[in-house]
Each structure stands twice: as C-alpha cells, then as structure tokens.
Amino acid sequence: MVYGAPFVTGLGAMLQIAAVVAAAGRGERTGGGVPKQYRPVAGRPLLSWTLHGLGALDGVGPVQVVCDPVHHDRYSASVEGFDPLPPVAGGATRQASVLRGLEALAAHEPDYVMVHDAARPFVAPDLVGRLRVALDGGAEGVIPVLPVTDTVKRCRDKVIAETLDRRGLALAQTPQAFRYANLLLAHRACAGREFTDDAAVAEAAGMTVATVAGDAGNMKVTTADDLVEAERRLEAREIRVGTGFDAHAFAKGDRVTLCGVRIPHGRTLAGDTDADVGLHALVDAMLGAMGEGDLGAHFPVGDPAWKGRPSSDLVAVAVGLMKARRARLVNADITLICQRPRLAPHRPAMKARVAALLGVDPARVNIKATSTDGLGFAGRGEGVAGQAAVTLAMPATVS
C-alpha cells in the first residue's frame with residue numbers, strides 16, 4: 001500500500017498532508033509482555049491495522065512511523081505490505097518522539113501534518129475530512145473531540161473530593177492535524193517538556209487549536225478489554241459476490257480442459273493458457289468479489305509469462321489474493337455452456353478438482369453444464385463459454 005497522493009481542495013490547490021504515527025510507547029496496560037501496537041489483533045499486529053486505515057485515506061502521505069529500535073523485528077512485520085518512510089527512533093517522551101517524526105518529514109515539506117496514535121486502528125475518512133476542512137478554512141491546528149456525557153468526579157485516595165462541571169469539557173482523539181511548519185516550530189520550542197498530546201504542545205507555544213466532532217468508533221486500544229473489542233470489530237465479516245465470464249473458440253486438437261479436467265474431444269480450445277473457460281470464469285468472479293479488477297488486468301492477453309500455463313496457476317494467484325485479504329470462499333457456482341463435448345459424466349471430477357484448487361470442501365462448489373439448443377456460437381459448435389458466481393466472506397472494511 002503506497003501513501004502520498006495529494007489532497008485536492010475545492011479551489012484546485014494541491015495540499016500535501018503527511019502523517020506521523022506515534023508507535024514508540026511501551027503500551028503495558030494491555031498485558032501480554034508485548035507493546036500494544038505489536039499485539040496480534042485479528043491475525044495482524046495492531047500497528048498494521050492502523051497503517052491499513054491510514055492507507056485507505058485519500059491524500060494522506062507520506063507516513064512517518066516513530067518506533068523503538070528495540071522492536072525492529074516486530075515493526076518490520078507490522079509494516080509488511082505498506083510503504084511508510086524509513087522508521088525514526090523514538091525519544092524518552094511522547095513529545096520527543098513526535099518531534100523526531102516531524103523533523104524527519106522536513107525534506108518532504110508537507111503543507112499539513114496529522115499526528116496519530118498507533119493504537120487507533122479505526123480512523124475514518126469522514127473524520128479526516130472534517131480536519132482538512134478546518135485547516136483549509138485557516139485553522140492553525142484542529143483536533144477531534146467527543147463530548148463528556150458522564151458525570152465527572154475528582155477523587156483522592158478512592159474517595160470523591162468534588163464533582164466537576166462537565167460543561168465545556170471534551171475528550172481529545174487523534175489524528176490531530178496542524179499546519180506542518182507551525183507544529184514543528186511549536187515542538188522545537190517545547191523540547192524537553194512533557195505533554196500528553198500535540199494540542200497541548202500547540203497551546204503551550206501560543207497556537208490556537210480548533211475542534212471538530214470526533215468519532216465514537218475511533219477507539220484507542222489501551223486495556224486488554226479494548227483488544228478484545230478491537231478484535232471483535234476487525235473480525236466482523238461482510239459478504240461479497242462476484243461474477244465472471246469467459247469464452248474460447250475451438251481449434252485443432254484432441255482434448256479440452258474444463259474446470260481442471262482433461263476431456264477427450266475432436267478439437268481443443270484456443271488460448272494463451274489451456275483456455276479453461278470454467279477456471280477463467282471462476283478466477284474472474286473471485287477477483288470481482290474482492291474488488292481486484294478482472295482477468296485481463298492480472299493476466300493480459302499475449303503476456304509471455306502465462307503462455308502455455310495451466311489455468312490452475314491463475315486460480316493459485318486468486319487464492320493468494322484471498323489469503324492476503326483474509327477472505328473465505330462460501331460458494332462457487334460454475335456454468336459451462338457448450339453443445340459438445342458432453343460434460344455430465346465429468347462433473348464429479350470437475351467438482352473435486354475445483355474444490356482442491358480452492359482448498360475448500362466440495363460441498364462449496366457447484367458445476368453445471370448446459371447447451372443453447374443450437375443458438376449462438378456455442379450452439380453452432382464453435383467454442384465453449386463459462387460463467388461463474390462466487391460468494392466470499394471478507395473482513396468488513398475498517399472505518
């Protein structure tokens with residue numbers, strides 16, 4: 001995942017919005033002996049999910065992660081598949097760590113910068129949009145806040161000392177966004193002091209920080225219970241459906257390959273691969289369900305890399321994409337359309353072969369064969385067509 005597309009304002013100006021991800025803390029309250037940003041959640045380190053969320057935001061980049069070099073191996077595993085800038089070593093305090101991240105961005109000269117906690121994986125585009133609008137409107141800095149809805153008590157020694165007036169109080173979230181040059185100067189001016197967020201640094205430097213509505217879903221993972229809730233949300237599944245179609249003409253030969261099974265026939269199917277229309281339609285449907293384009297985008301016609309390859313190799317690529325997306329195949333329904341050869345005797349073998357290629361129980365695969373009663377190219381015996389419908393269960397979009 002590559003970061004760095006500029007944000008286009010309504011006036012056409014190109015504004016670069018960089019991000020600093022604070023990931024150098026120890027995060028001990030979640031337990032487990034591992035900093036929370038590296039704790040596994042729904043199969044991936046928490047930091048990986050946070051980078052995934054930032055990568056889904058238009059116009060955010062480059063991304064600068066600040067981490068503890070002691071955790072180099074855990075960091076490397078967390079950023080696999082992403083393209084942040086080389087990491088910067090954190091300092092003794094959060095303020096020192098963020099300052100190092102900001103200094104590392106100087107060569108990129110961003111217009112704006114967002115500072116975000118590594119332990120907030122659910123940042124939503126709408127929230128970032130509100131921050132951008134405020135900055136475009138002239139704010140020096142802006143943070144998302146939530147209203148305080150519970151009664152607030154000040155306690156001493158486990159006894160209530162007083163009840164506070166919650167009017168005017170707000171809970172601060174990240175990302176917190178600023179004009180880059182202003183925040184860098186503020187952090188430099190406050191070097192050596194300790195602050196709990198960047199708005200406090202900005203305030204101390206005399207900046208005016210605006211607020212926008214926060215997002216209750218933008219939770220910060222702090223405790224072990226938070227990890228459980230984050231995993232529950234990240235494991236949430238949504239159902240995706242994709243369809244595919246393919247057709248190949250007959251050529252000279254003595255067999256056809258359909259759904260991975262070789263069938264004796266007086267002719268073969270012409271194509272760069274073995275022209276297995278059943279598997280081609282299947283792969284096309286899998287790509288569609290994942291939002292990964294189509295068959296031609298991944299396997300261009302005439303590409304020598306695929307010349308003479310079995311179509312099972314194409315299925316392997318699609319299965320690899322499924323694994324990367326943590327998708328699970330619920331059902332695959334393939335229809336083969338031809339006047340001949342006769343396919344009914346071969347359907348059990350096709351079903352077993354497709355299930356094996358997909359790594360699923362054969363009960364999740366259905367193979368159908370039909371003719372067109374002499375209509376069209378298939379009915380005239382000029383070739384074979386295949387169509388497929390695939391249902392996938394995938395992690396719900398992180399937002």
# chains A, B, ... in the order shown; residues from 1 in each chain; ligands from 1
call {"tool": "residues_around", "arguments": {"residues": "Ala42 of chain A", "least_positions_apart": "6", "cutoff": "9 Å", "atoms": "only C-alpha atoms", "output": "PyMOL selection string"}}
result
chain A and resi 230-235
call {"tool": "select_by_dssp", "arguments": {"residues": "segment 31-234 of chain A", "states": "strand (DSSP E)", "output": "JSON, numbers by chain"}}
result
{"A": [40, 41, 44, 45, 60, 61, 62, 63, 64, 65, 66, 67, 88, 89, 112, 113, 114, 115, 116, 117, 141, 142, 143, 144, 145, 146, 147, 152, 153, 154, 155, 156, 159, 160, 161, 162, 163, 164, 170, 171, 172, 176, 177, 178, 179, 209, 210, 211, 212, 213]}
call {"tool": "write_last_selection", "arguments": {"atoms": "C-alpha atoms", "output": "PDB file, in the first residue's frame"}}
result
ATOM      1  CA  PRO A  40      -1.805  -9.503  17.345  1.00  0.00           C
ATOM      2  CA  VAL A  41      -5.397  -8.490  16.648  1.00  0.00           C
ATOM      3  CA  ARG A  44      -2.241  -8.879  12.298  1.00  0.00           C
ATOM      4  CA  PRO A  45      -0.303  -6.549  14.618  1.00  0.00           C
ATOM      5  CA  VAL A  60      -2.587  11.205   3.215  1.00  0.00           C
ATOM      6  CA  GLY A  61       1.155  10.715   2.787  1.00  0.00           C
ATOM      7  CA  PRO A  62       3.961  10.273   3.312  1.00  0.00           C
ATOM      8  CA  VAL A  63       3.574   8.365   6.580  1.00  0.00           C
ATOM      9  CA  GLN A  64       6.370   8.557   9.154  1.00  0.00           C
ATOM     10  CA  VAL A  65       6.311   5.966  11.933  1.00  0.00           C
ATOM     11  CA  VAL A  66       8.242   6.641  15.148  1.00  0.00           C
ATOM     12  CA  CYS A  67       9.164   3.451  16.989  1.00  0.00           C
ATOM     13  CA  VAL A  88      12.586   7.047  13.166  1.00  0.00           C
ATOM     14  CA  ALA A  89      13.742   6.109  16.660  1.00  0.00           C
ATOM     15  CA  TYR A 112      -0.265  19.839   6.776  1.00  0.00           C
ATOM     16  CA  VAL A 113       0.592  17.050   9.177  1.00  0.00           C
ATOM     17  CA  MET A 114      -1.563  14.685  11.190  1.00  0.00           C
ATOM     18  CA  VAL A 115      -0.219  13.072  14.350  1.00  0.00           C
ATOM     19  CA  HIS A 116      -1.912   9.778  15.088  1.00  0.00           C
ATOM     20  CA  ASP A 117      -1.678   7.138  17.806  1.00  0.00           C
ATOM     21  CA  GLY A 141      -4.441  23.288  14.255  1.00  0.00           C
ATOM     22  CA  VAL A 142      -7.535  21.172  14.814  1.00  0.00           C
ATOM     23  CA  ILE A 143      -8.364  18.096  16.850  1.00  0.00           C
ATOM     24  CA  PRO A 144     -11.378  15.777  17.036  1.00  0.00           C
ATOM     25  CA  VAL A 145     -13.204  15.750  20.351  1.00  0.00           C
ATOM     26  CA  LEU A 146     -16.065  13.880  21.954  1.00  0.00           C
ATOM     27  CA  PRO A 147     -18.440  15.378  24.499  1.00  0.00           C
ATOM     28  CA  VAL A 152     -17.049  13.658  36.256  1.00  0.00           C
ATOM     29  CA  LYS A 153     -15.626  13.190  39.741  1.00  0.00           C
ATOM     30  CA  ARG A 154     -12.269  14.218  41.116  1.00  0.00           C
ATOM     31  CA  CYS A 155     -11.109  11.543  43.533  1.00  0.00           C
ATOM     32  CA  ARG A 156      -8.400  11.334  46.180  1.00  0.00           C
ATOM     33  CA  VAL A 159     -12.851   8.965  47.852  1.00  0.00           C
ATOM     34  CA  ILE A 160     -14.744  11.628  45.880  1.00  0.00           C
ATOM     35  CA  ALA A 161     -13.189  15.014  46.520  1.00  0.00           C
ATOM     36  CA  GLU A 162     -15.502  17.014  44.269  1.00  0.00           C
ATOM     37  CA  THR A 163     -17.874  16.864  41.323  1.00  0.00           C
ATOM     38  CA  LEU A 164     -16.679  18.760  38.281  1.00  0.00           C
ATOM     39  CA  ALA A 170     -14.220  17.308  25.897  1.00  0.00           C
ATOM     40  CA  LEU A 171     -12.321  14.102  25.231  1.00  0.00           C
ATOM     41  CA  ALA A 172      -9.484  14.520  22.725  1.00  0.00           C
ATOM     42  CA  GLN A 176      -4.671  15.779  15.426  1.00  0.00           C
ATOM     43  CA  ALA A 177      -3.931  17.961  12.416  1.00  0.00           C
ATOM     44  CA  PHE A 178      -1.862  21.123  12.058  1.00  0.00           C
ATOM     45  CA  ARG A 179      -0.098  23.306   9.597  1.00  0.00           C
ATOM     46  CA  VAL A 209      -6.335  24.942  18.238  1.00  0.00           C
ATOM     47  CA  ALA A 210      -9.826  24.414  16.854  1.00  0.00           C
ATOM     48  CA  THR A 211     -12.033  21.379  17.434  1.00  0.00           C
ATOM     49  CA  VAL A 212     -14.297  19.281  15.244  1.00  0.00           C
ATOM     50  CA  ALA A 213     -16.693  16.492  16.105  1.00  0.00           C
TER      51      ALA A 213
END
call {"tool": "residues_around", "arguments": {"residues": "Gly253 of chain A", "least_positions_apart": "2", "cutoff": "8 Å", "atoms": "only C-alpha atoms", "output": "PDB file with C-alpha atoms, in the first residue's frame"}}
result
ATOM      1  CA  ALA A 251      -9.017 -25.027 -32.658  1.00  0.00           C
ATOM      2  CA  ARG A 255      -8.938 -32.653 -25.981  1.00  0.00           C
ATOM      3  CA  HIS A 265     -12.607 -34.331 -27.810  1.00  0.00           C
ATOM      4  CA  GLY A 266     -12.048 -33.903 -31.519  1.00  0.00           C
ATOM      5  CA  ARG A 267     -10.926 -30.317 -31.014  1.00  0.00           C
ATOM      6  CA  THR A 268      -9.219 -28.156 -28.363  1.00  0.00           C
ATOM      7  CA  LEU A 269      -9.808 -24.615 -27.106  1.00  0.00           C
TER       8      LEU A 269
END
call {"tool": "select_by_dssp", "arguments": {"residues": "segment 232-297 of chain A", "states": "alpha helix (DSSP H)", "output": "list in words"}}
result
Arg232, Arg233, Leu234, Val277, Gly278, Leu279, His280, Ala281, Leu282, Val283, Asp284, Ala285, Met286, Leu287, Gly288, Ala289, Met290, Leu295, Gly296 and Ala297 of chain A
call {"tool": "closest_residue", "arguments": {"among": "A:Lys323, A:His248, A:Arg100, A:Arg166", "to": "Ala393 of chain A", "atoms": "only C-alpha atoms"}}
result
A:Lys323
call {"tool": "residues_around", "arguments": {"residues": "Ser311 of chain A", "least_positions_apart": "4", "cutoff": "8 Å", "atoms": "only C-alpha atoms", "output": "number ranges by chain"}}
result
A: 260, 273-276, 279-280, 315
call {"tool": "residues_around", "arguments": {"residues": "Ala389 of chain A", "least_positions_apart": "2", "cutoff": "10 Å", "atoms": "only C-alpha atoms", "output": "PyMOL selection string"}}
result
chain A and resi 241-245+281-286+288-289+331-335+366+387+391
call {"tool": "write_last_selection", "arguments": {"atoms": "N, CA and C atoms", "output": "tab-separated table (two decimals), in the first residue's frame"}}
result
chain	number	residue	atom	x	y	z
A	241	VAL	N	-20.08	-10.73	-3.41
A	241	VAL	CA	-20.44	-11.59	-4.53
A	241	VAL	C	-19.76	-11.07	-5.79
A	242	GLY	N	-19.16	-11.99	-6.55
A	242	GLY	CA	-18.54	-11.62	-7.82
A	242	GLY	C	-19.02	-12.54	-8.92
A	243	THR	N	-19.07	-12.03	-10.13
A	243	THR	CA	-19.45	-12.84	-11.29
A	243	THR	C	-18.33	-12.81	-12.32
A	244	GLY	N	-18.24	-13.87	-13.12
A	244	GLY	CA	-17.21	-13.93	-14.15
A	244	GLY	C	-17.72	-14.60	-15.40
A	245	PHE	N	-17.10	-14.29	-16.51
A	245	PHE	CA	-17.50	-14.88	-17.79
A	245	PHE	C	-16.26	-15.02	-18.66
A	281	ALA	N	-13.52	-18.21	-15.77
A	281	ALA	CA	-14.71	-17.54	-15.24
A	281	ALA	C	-14.67	-17.52	-13.72
A	282	LEU	N	-14.20	-18.62	-13.13
A	282	LEU	CA	-14.08	-18.70	-11.66
A	282	LEU	C	-13.14	-17.63	-11.14
A	283	VAL	N	-11.96	-17.52	-11.73
A	283	VAL	CA	-10.98	-16.51	-11.28
A	283	VAL	C	-11.54	-15.11	-11.47
A	284	ASP	N	-12.19	-14.87	-12.60
A	284	ASP	CA	-12.79	-13.56	-12.85
A	284	ASP	C	-13.80	-13.20	-11.76
A	285	ALA	N	-14.60	-14.18	-11.34
A	285	ALA	CA	-15.60	-13.94	-10.30
A	285	ALA	C	-14.93	-13.70	-8.95
A	286	MET	N	-13.86	-14.44	-8.66
A	286	MET	CA	-13.14	-14.24	-7.39
A	286	MET	C	-12.55	-12.83	-7.32
A	288	GLY	N	-13.60	-10.24	-8.92
A	288	GLY	CA	-14.70	-9.29	-8.79
A	288	GLY	C	-15.20	-9.17	-7.37
A	289	ALA	N	-15.32	-10.29	-6.67
A	289	ALA	CA	-15.80	-10.25	-5.29
A	289	ALA	C	-14.84	-9.50	-4.38
A	331	ASN	N	-19.06	-20.07	-1.46
A	331	ASN	CA	-19.67	-20.87	-2.51
A	331	ASN	C	-19.13	-20.45	-3.86
A	332	ALA	N	-18.95	-21.42	-4.74
A	332	ALA	CA	-18.58	-21.15	-6.13
A	332	ALA	C	-19.52	-21.94	-7.03
A	333	ASP	N	-20.18	-21.25	-7.95
A	333	ASP	CA	-21.15	-21.87	-8.85
A	333	ASP	C	-20.71	-21.59	-10.28
A	334	ILE	N	-20.32	-22.65	-11.01
A	334	ILE	CA	-19.77	-22.50	-12.36
A	334	ILE	C	-20.71	-23.16	-13.36
A	335	THR	N	-21.00	-22.44	-14.44
A	335	THR	CA	-21.82	-22.98	-15.52
A	335	THR	C	-20.99	-23.04	-16.79
A	366	ASN	N	-20.21	-25.94	-7.02
A	366	ASN	CA	-21.26	-26.50	-7.87
A	366	ASN	C	-20.86	-26.31	-9.32
A	387	GLN	N	-19.42	-19.32	-17.19
A	387	GLN	CA	-19.74	-18.21	-16.30
A	387	GLN	C	-19.73	-18.72	-14.88
A	391	THR	N	-19.22	-16.38	-3.96
A	391	THR	CA	-19.56	-15.67	-2.74
A	391	THR	C	-18.40	-15.80	-1.76
call {"tool": "atom_distance", "arguments": {"atom1": "atom CA of Asp226 of chain A", "atom2": "atom CA of Val123 of chain A"}}
result
15.6 Å
call {"tool": "closest_residue", "arguments": {"among": "A:Leu375, A:Val20, A:Val70, A:Ala396", "to": "Ala236 of chain A", "atoms": "only C-alpha atoms"}}
result
A:Ala396
call {"tool": "closest_atom_pairs", "arguments": {"of": "segment 202-285 of chain A", "to": "segment 195-198 of chain A", "cutoff": "10 Å", "atoms": "only C-alpha atoms", "output": "JSON lines"}}
result
{"residue": "A:Ala202", "atom": "CA", "partner": "A:Asp198", "partner_atom": "CA", "distance": 6.2}
{"residue": "A:Glu203", "atom": "CA", "partner": "A:Asp198", "partner_atom": "CA", "distance": 8.5}
{"residue": "A:Ala204", "atom": "CA", "partner": "A:Phe195", "partner_atom": "CA", "distance": 9.5}
{"residue": "A:Val209", "atom": "CA", "partner": "A:Asp198", "partner_atom": "CA", "distance": 10.0}
call {"tool": "residues_around", "arguments": {"residues": "His187 of chain A", "least_positions_apart": "2", "cutoff": "12 Å", "atoms": "only C-alpha atoms", "output": "JSON, numbers by chain"}}
result
{"A": [94, 95, 96, 97, 98, 99, 100, 101, 102, 103, 178, 180, 181, 182, 183, 184, 185, 189, 190, 191, 192, 193, 194, 195, 197, 198, 199, 200, 201, 202, 203, 204, 205, 206, 207]}
